[in-house]
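I have placed the structure first, in the form of structure tokens, so that the comments after it can refer back to it.
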Amino acid sequence: MDFTRLSAIEIRQAIVDKKNTAVEIVTAHLDKIEKLNTKVKAFIQINRDSAIKDAQEIDCKIENGESIGLLAGVPIAIKDNLCIKGRETTCASKMLSGFKPPYTAEVVKKIRNEGGIIVGKTNLDEFAMGSSTENSAVETTRNPWDLERIPGGSSGGSAAAVAAGFVPLALGSDTGGSIRQPASLCGCVGMKPTYGMVSRFGLIAFGSSLDQIGPFARTVEDAALLMDVISGFDNKDSTSANISKPEFINTVNKKNDKLKIGIPEEYFGDGLDSEIESCIKGVIAKLEEDGAEIKKISLPLTKYALPVYYIVAPAEASSNLARYDGVHYGHRTNDAGDIISLYSNSREEGFGPEVKRRIMLGTYVLSAGYYDAYYLQALKVRTKITEDFARVFSDCDVIITPTSPSVAFKIGEKTDDPLSMYLSDIYTLSANLAGIPGVSIPCGMVNNLPVGIQLMSPHFKDAEMLSIAAKIENLVAIRNKIALL
Ligand code: GLN
């Protein structure tokens, strides 16, 4: 039996039923990673010994009849911008090469408490800035469906790891689309929860008013399982929402009759690949046949999402990344005669070109004289974008759109054109600006490459959104698909 084809829920069941041991299952995944990661380059750190030791502990618990957690024996990959105490955490940046954090991210702690097995850290665009993993200072991850193509980004390593069958579950972070876009391009499920739903304690900050941690999976049910584990209030994160914890697994299979689905015209215009458009429209037609009410809606401020995001995100990044000064953290230059050259040479050597571009953009829009014209103005438009969503949600349960305007592009195709790279997140940025949840699930193939469909819901309707995603997963009959390498 090929254990790497099992979903997380099936893995746990096999272990509970004593059909297989956690060691057997985890070893099978590690063997596959070791055999094929040189091709895919999803992992930048593999933790074989600790993973097997953790699996042995689960097997001991089962032997002794002790209770085991929701993720017992499930191999999980972690994006390398999440801290794990004592383990290198680099954000795929030279700036943090060798950095071993003194504490562990809350989400990782929760996964371990439920018996999840951390098998390694995955590649990303440097500091999560990018849409292809080509901005990684380590290497470019390959799309398991076509190794000449990018997996999306910035959480491209996590998406590729799940799509390749290296792990059934992974964590990513999403500031403007970094979970949903790579999930779409790699043919897996990727969810950005409501802002505040998942603790970000231990996530290395990029844009603090936008960043959220979320799951990658190959089934909607598995994503719900991981959400049950990682969501909930945490007083170590001041932006964590103090609400009662939703029940994801208990909600995911609920019947969704009388659904009202909003289709925003602005998401189906210029720039959208026509084959993707027909794929998405085919799913919408199936939903209508199934009894859903399809409503044409308008989100007129959509055209401002990209410019607003590329003011707000770089502004916050320039402030968050000020801490990397060669004194407190990470890389320190050998070439410094005074304190100013220590700062500037450390930063010059440590950061890659995209990170520098964002820092410059952000510093500019926050500087005296430009703050009102750019940053303040962007905040006002951001509020309007949020109001746009609130208005349409008064009359529909969920919004459906494409996740990305094209399928996975070739490595190198967009590296010289940052604007065209930025456009790959055109449909995902608004959810971060408004703080609402979004999920991408696979809905078809175009030219043998996966296509994702995006669902967005009102704040804190994350569990309901996943149950609608499960319904669509059933309708399109794409579930637990693995790219054959
Ligand atoms: N691609 C977007 C950017 O480059 C979003 C990144 C993200 O969500 N982390 O900023």
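Residues are referred to by chain and number: the chain letter is A, B, ... according to the order shown in the structure tokens, the number counts from 1 in that chain, and ligands are numbered separately from 1 in the order shown.
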
- Task: Residues within 7 Å of ligand 1, counting only C-alpha atoms and all ligand atoms: report them as a ChimeraX atom specification.
- Result: /A:128-131,153-154,173-179,313,422,425

Closest atom pairs, range 109-211 of chain A residues within 12 Å of range 324-330 of chain A, only C-alpha atoms, as a Markdown table:
| residue | atom | partner | partner_atom | distance |
| --- | --- | --- | --- | --- |
| A:Phe127 | CA | A:Tyr324 | CA | 11.8 |
| A:Ile204 | CA | A:Tyr324 | CA | 11.7 |
| A:Ala205 | CA | A:Tyr324 | CA | 11.9 |

- Item | Point-to-point distance in Å for CA of Arg180 in chain A and CA of Gly196 in chain A | 17.6 Å

Please report as JSON lines every residue of range 111-228 of chain A lying within 9 Å of range 63-80 of chain A, along with the nearest atom pair and their distance in Å (one decimal), using only C-alpha atoms.
{"residue": "A:Ile111", "atom": "CA", "partner": "A:Leu71", "partner_atom": "CA", "distance": 7.1}
{"residue": "A:Arg112", "atom": "CA", "partner": "A:Leu71", "partner_atom": "CA", "distance": 8.3}
{"residue": "A:Asn113", "atom": "CA", "partner": "A:Gly69", "partner_atom": "CA", "distance": 7.1}
{"residue": "A:Glu114", "atom": "CA", "partner": "A:Gly69", "partner_atom": "CA", "distance": 4.0}
{"residue": "A:Gly115", "atom": "CA", "partner": "A:Ala72", "partner_atom": "CA", "distance": 4.0}
{"residue": "A:Gly116", "atom": "CA", "partner": "A:Leu71", "partner_atom": "CA", "distance": 4.7}
{"residue": "A:Ile117", "atom": "CA", "partner": "A:Pro75", "partner_atom": "CA", "distance": 4.7}
{"residue": "A:Ile118", "atom": "CA", "partner": "A:Ile76", "partner_atom": "CA", "distance": 5.0}
{"residue": "A:Val119", "atom": "CA", "partner": "A:Ala77", "partner_atom": "CA", "distance": 5.8}
{"residue": "A:Gly120", "atom": "CA", "partner": "A:Ala77", "partner_atom": "CA", "distance": 5.4}
{"residue": "A:Lys121", "atom": "CA", "partner": "A:Ile78", "partner_atom": "CA", "distance": 4.8}
{"residue": "A:Thr122", "atom": "CA", "partner": "A:Lys79", "partner_atom": "CA", "distance": 4.7}
{"residue": "A:Asn123", "atom": "CA", "partner": "A:Asp80", "partner_atom": "CA", "distance": 6.3}
{"residue": "A:Leu124", "atom": "CA", "partner": "A:Asp80", "partner_atom": "CA", "distance": 7.1}
{"residue": "A:Ser155", "atom": "CA", "partner": "A:Lys79", "partner_atom": "CA", "distance": 6.7}
{"residue": "A:Gly156", "atom": "CA", "partner": "A:Lys79", "partner_atom": "CA", "distance": 9.0}
{"residue": "A:Gly157", "atom": "CA", "partner": "A:Lys79", "partner_atom": "CA", "distance": 7.2}
{"residue": "A:Ser158", "atom": "CA", "partner": "A:Lys79", "partner_atom": "CA", "distance": 6.2}
{"residue": "A:Ala161", "atom": "CA", "partner": "A:Ala77", "partner_atom": "CA", "distance": 7.5}
{"residue": "A:Val162", "atom": "CA", "partner": "A:Ala77", "partner_atom": "CA", "distance": 8.4}
{"residue": "A:Phe166", "atom": "CA", "partner": "A:Pro75", "partner_atom": "CA", "distance": 8.4}
{"residue": "A:Val167", "atom": "CA", "partner": "A:Pro75", "partner_atom": "CA", "distance": 5.6}
{"residue": "A:Pro168", "atom": "CA", "partner": "A:Pro75", "partner_atom": "CA", "distance": 6.9}
{"residue": "A:Leu169", "atom": "CA", "partner": "A:Ile76", "partner_atom": "CA", "distance": 5.1}
{"residue": "A:Ala170", "atom": "CA", "partner": "A:Ala77", "partner_atom": "CA", "distance": 4.5}
{"residue": "A:Leu171", "atom": "CA", "partner": "A:Ile78", "partner_atom": "CA", "distance": 5.1}
{"residue": "A:Gly172", "atom": "CA", "partner": "A:Lys79", "partner_atom": "CA", "distance": 5.4}
{"residue": "A:Ser173", "atom": "CA", "partner": "A:Lys79", "partner_atom": "CA", "distance": 7.6}
{"residue": "A:Leu225", "atom": "CA", "partner": "A:Leu70", "partner_atom": "CA", "distance": 7.7}
{"residue": "A:Leu226", "atom": "CA", "partner": "A:Leu71", "partner_atom": "CA", "distance": 8.0}
{"residue": "A:Asp228", "atom": "CA", "partner": "A:Leu70", "partner_atom": "CA", "distance": 8.8}

Deliver the residues from the most recent selection as a file, using N, CA and C atoms, as a PDB file, in the first residue's frame.
ATOM      1  N   ILE A 111      -0.142  21.859  16.737  1.00  0.00           N
ATOM      2  CA  ILE A 111      -0.051  20.670  15.888  1.00  0.00           C
ATOM      3  C   ILE A 111       0.642  19.539  16.646  1.00  0.00           C
ATOM      4  N   ARG A 112       1.730  19.873  17.325  1.00  0.00           N
ATOM      5  CA  ARG A 112       2.458  18.836  18.077  1.00  0.00           C
ATOM      6  C   ARG A 112       1.613  18.286  19.219  1.00  0.00           C
ATOM      7  N   ASN A 113       0.865  19.190  19.894  1.00  0.00           N
ATOM      8  CA  ASN A 113       0.007  18.723  20.996  1.00  0.00           C
ATOM      9  C   ASN A 113      -1.030  17.721  20.520  1.00  0.00           C
ATOM     10  N   GLU A 114      -1.402  17.809  19.250  1.00  0.00           N
ATOM     11  CA  GLU A 114      -2.403  16.869  18.711  1.00  0.00           C
ATOM     12  C   GLU A 114      -1.731  15.698  17.996  1.00  0.00           C
ATOM     13  N   GLY A 115      -0.428  15.538  18.190  1.00  0.00           N
ATOM     14  CA  GLY A 115       0.254  14.361  17.647  1.00  0.00           C
ATOM     15  C   GLY A 115       0.732  14.490  16.208  1.00  0.00           C
ATOM     16  N   GLY A 116       0.588  15.697  15.610  1.00  0.00           N
ATOM     17  CA  GLY A 116       1.086  15.908  14.235  1.00  0.00           C
ATOM     18  C   GLY A 116       2.602  15.782  14.200  1.00  0.00           C
ATOM     19  N   ILE A 117       3.126  15.239  13.103  1.00  0.00           N
ATOM     20  CA  ILE A 117       4.572  14.981  12.992  1.00  0.00           C
ATOM     21  C   ILE A 117       5.177  15.992  12.013  1.00  0.00           C
ATOM     22  N   ILE A 118       6.029  16.868  12.523  1.00  0.00           N
ATOM     23  CA  ILE A 118       6.663  17.871  11.657  1.00  0.00           C
ATOM     24  C   ILE A 118       7.814  17.192  10.912  1.00  0.00           C
ATOM     25  N   VAL A 119       7.697  17.111   9.586  1.00  0.00           N
ATOM     26  CA  VAL A 119       8.750  16.416   8.828  1.00  0.00           C
ATOM     27  C   VAL A 119       9.760  17.369   8.200  1.00  0.00           C
ATOM     28  N   GLY A 120       9.450  18.661   8.172  1.00  0.00           N
ATOM     29  CA  GLY A 120      10.434  19.585   7.613  1.00  0.00           C
ATOM     30  C   GLY A 120       9.851  20.958   7.352  1.00  0.00           C
ATOM     31  N   LYS A 121      10.754  21.852   6.873  1.00  0.00           N
ATOM     32  CA  LYS A 121      10.360  23.239   6.595  1.00  0.00           C
ATOM     33  C   LYS A 121      10.385  23.450   5.078  1.00  0.00           C
ATOM     34  N   THR A 122       9.428  24.209   4.591  1.00  0.00           N
ATOM     35  CA  THR A 122       9.288  24.352   3.136  1.00  0.00           C
ATOM     36  C   THR A 122       9.761  25.707   2.617  1.00  0.00           C
ATOM     37  N   ASN A 123      10.076  25.678   1.332  1.00  0.00           N
ATOM     38  CA  ASN A 123      10.609  26.860   0.647  1.00  0.00           C
ATOM     39  C   ASN A 123       9.532  27.923   0.437  1.00  0.00           C
ATOM     40  N   LEU A 124       9.992  29.169   0.266  1.00  0.00           N
ATOM     41  CA  LEU A 124       9.082  30.307   0.062  1.00  0.00           C
ATOM     42  C   LEU A 124       9.837  31.412  -0.659  1.00  0.00           C
ATOM     43  N   SER A 155       3.934  30.635  -0.627  1.00  0.00           N
ATOM     44  CA  SER A 155       4.036  29.338   0.073  1.00  0.00           C
ATOM     45  C   SER A 155       4.183  28.196  -0.930  1.00  0.00           C
ATOM     46  N   GLY A 156       4.989  28.380  -1.976  1.00  0.00           N
ATOM     47  CA  GLY A 156       5.099  27.388  -3.044  1.00  0.00           C
ATOM     48  C   GLY A 156       5.627  26.052  -2.559  1.00  0.00           C
ATOM     49  N   GLY A 157       6.533  26.056  -1.585  1.00  0.00           N
ATOM     50  CA  GLY A 157       7.089  24.803  -1.072  1.00  0.00           C
ATOM     51  C   GLY A 157       6.014  23.961  -0.399  1.00  0.00           C
ATOM     52  N   SER A 158       5.160  24.596   0.399  1.00  0.00           N
ATOM     53  CA  SER A 158       4.097  23.862   1.097  1.00  0.00           C
ATOM     54  C   SER A 158       3.095  23.297   0.101  1.00  0.00           C
ATOM     55  N   ALA A 161       4.657  20.413  -1.789  1.00  0.00           N
ATOM     56  CA  ALA A 161       4.828  19.241  -0.926  1.00  0.00           C
ATOM     57  C   ALA A 161       3.522  18.453  -0.814  1.00  0.00           C
ATOM     58  N   VAL A 162       2.418  19.173  -0.702  1.00  0.00           N
ATOM     59  CA  VAL A 162       1.108  18.513  -0.592  1.00  0.00           C
ATOM     60  C   VAL A 162       0.722  17.888  -1.937  1.00  0.00           C
ATOM     61  N   PHE A 166       4.135  14.402  -0.667  1.00  0.00           N
ATOM     62  CA  PHE A 166       5.194  14.344   0.362  1.00  0.00           C
ATOM     63  C   PHE A 166       4.563  14.390   1.758  1.00  0.00           C
ATOM     64  N   VAL A 167       3.466  15.106   1.869  1.00  0.00           N
ATOM     65  CA  VAL A 167       2.709  15.236   3.127  1.00  0.00           C
ATOM     66  C   VAL A 167       1.244  15.446   2.756  1.00  0.00           C
ATOM     67  N   PRO A 168       0.314  15.018   3.625  1.00  0.00           N
ATOM     68  CA  PRO A 168      -1.089  15.324   3.336  1.00  0.00           C
ATOM     69  C   PRO A 168      -1.488  16.728   3.800  1.00  0.00           C
ATOM     70  N   LEU A 169      -0.702  17.306   4.715  1.00  0.00           N
ATOM     71  CA  LEU A 169      -1.043  18.624   5.264  1.00  0.00           C
ATOM     72  C   LEU A 169       0.200  19.490   5.368  1.00  0.00           C
ATOM     73  N   ALA A 170      -0.011  20.806   5.176  1.00  0.00           N
ATOM     74  CA  ALA A 170       1.097  21.752   5.379  1.00  0.00           C
ATOM     75  C   ALA A 170       0.530  23.071   5.851  1.00  0.00           C
ATOM     76  N   LEU A 171       1.411  23.878   6.440  1.00  0.00           N
ATOM     77  CA  LEU A 171       1.010  25.236   6.817  1.00  0.00           C
ATOM     78  C   LEU A 171       1.673  26.232   5.887  1.00  0.00           C
ATOM     79  N   GLY A 172       0.928  27.295   5.576  1.00  0.00           N
ATOM     80  CA  GLY A 172       1.483  28.416   4.835  1.00  0.00           C
ATOM     81  C   GLY A 172       1.046  29.715   5.497  1.00  0.00           C
ATOM     82  N   SER A 173       1.459  30.821   4.918  1.00  0.00           N
ATOM     83  CA  SER A 173       0.940  32.114   5.363  1.00  0.00           C
ATOM     84  C   SER A 173       0.472  32.871   4.128  1.00  0.00           C
ATOM     85  N   LEU A 225      -9.925  19.715   9.380  1.00  0.00           N
ATOM     86  CA  LEU A 225      -9.277  19.071  10.527  1.00  0.00           C
ATOM     87  C   LEU A 225      -8.131  19.956  11.048  1.00  0.00           C
ATOM     88  N   LEU A 226      -7.302  20.436  10.130  1.00  0.00           N
ATOM     89  CA  LEU A 226      -6.169  21.256  10.561  1.00  0.00           C
ATOM     90  C   LEU A 226      -6.658  22.592  11.141  1.00  0.00           C
ATOM     91  N   ASP A 228      -9.397  22.970  12.833  1.00  0.00           N
ATOM     92  CA  ASP A 228      -9.841  22.670  14.203  1.00  0.00           C
ATOM     93  C   ASP A 228      -8.663  22.724  15.173  1.00  0.00           C
TER      94      ASP A 228
END

- Selection: 10 Å around Leu376 in chain A, only C-alpha atoms, excl. self and same-chain fewer than 6 positions, as a list in words: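 Near neighbours after the sequence-gap exclusion: Ile311, Val312, Val365, Leu366, Tyr370 and Arg382 of chain A.
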
- Give the helix (DSSP H, G or I) residues of range 266-484 of chain A, as assigned by DSSP on the backbone, as a ChimeraX atom specification. /A:266-268,274-289,300-323,339-350,353-366,372-393,418-425,429-434,462-476
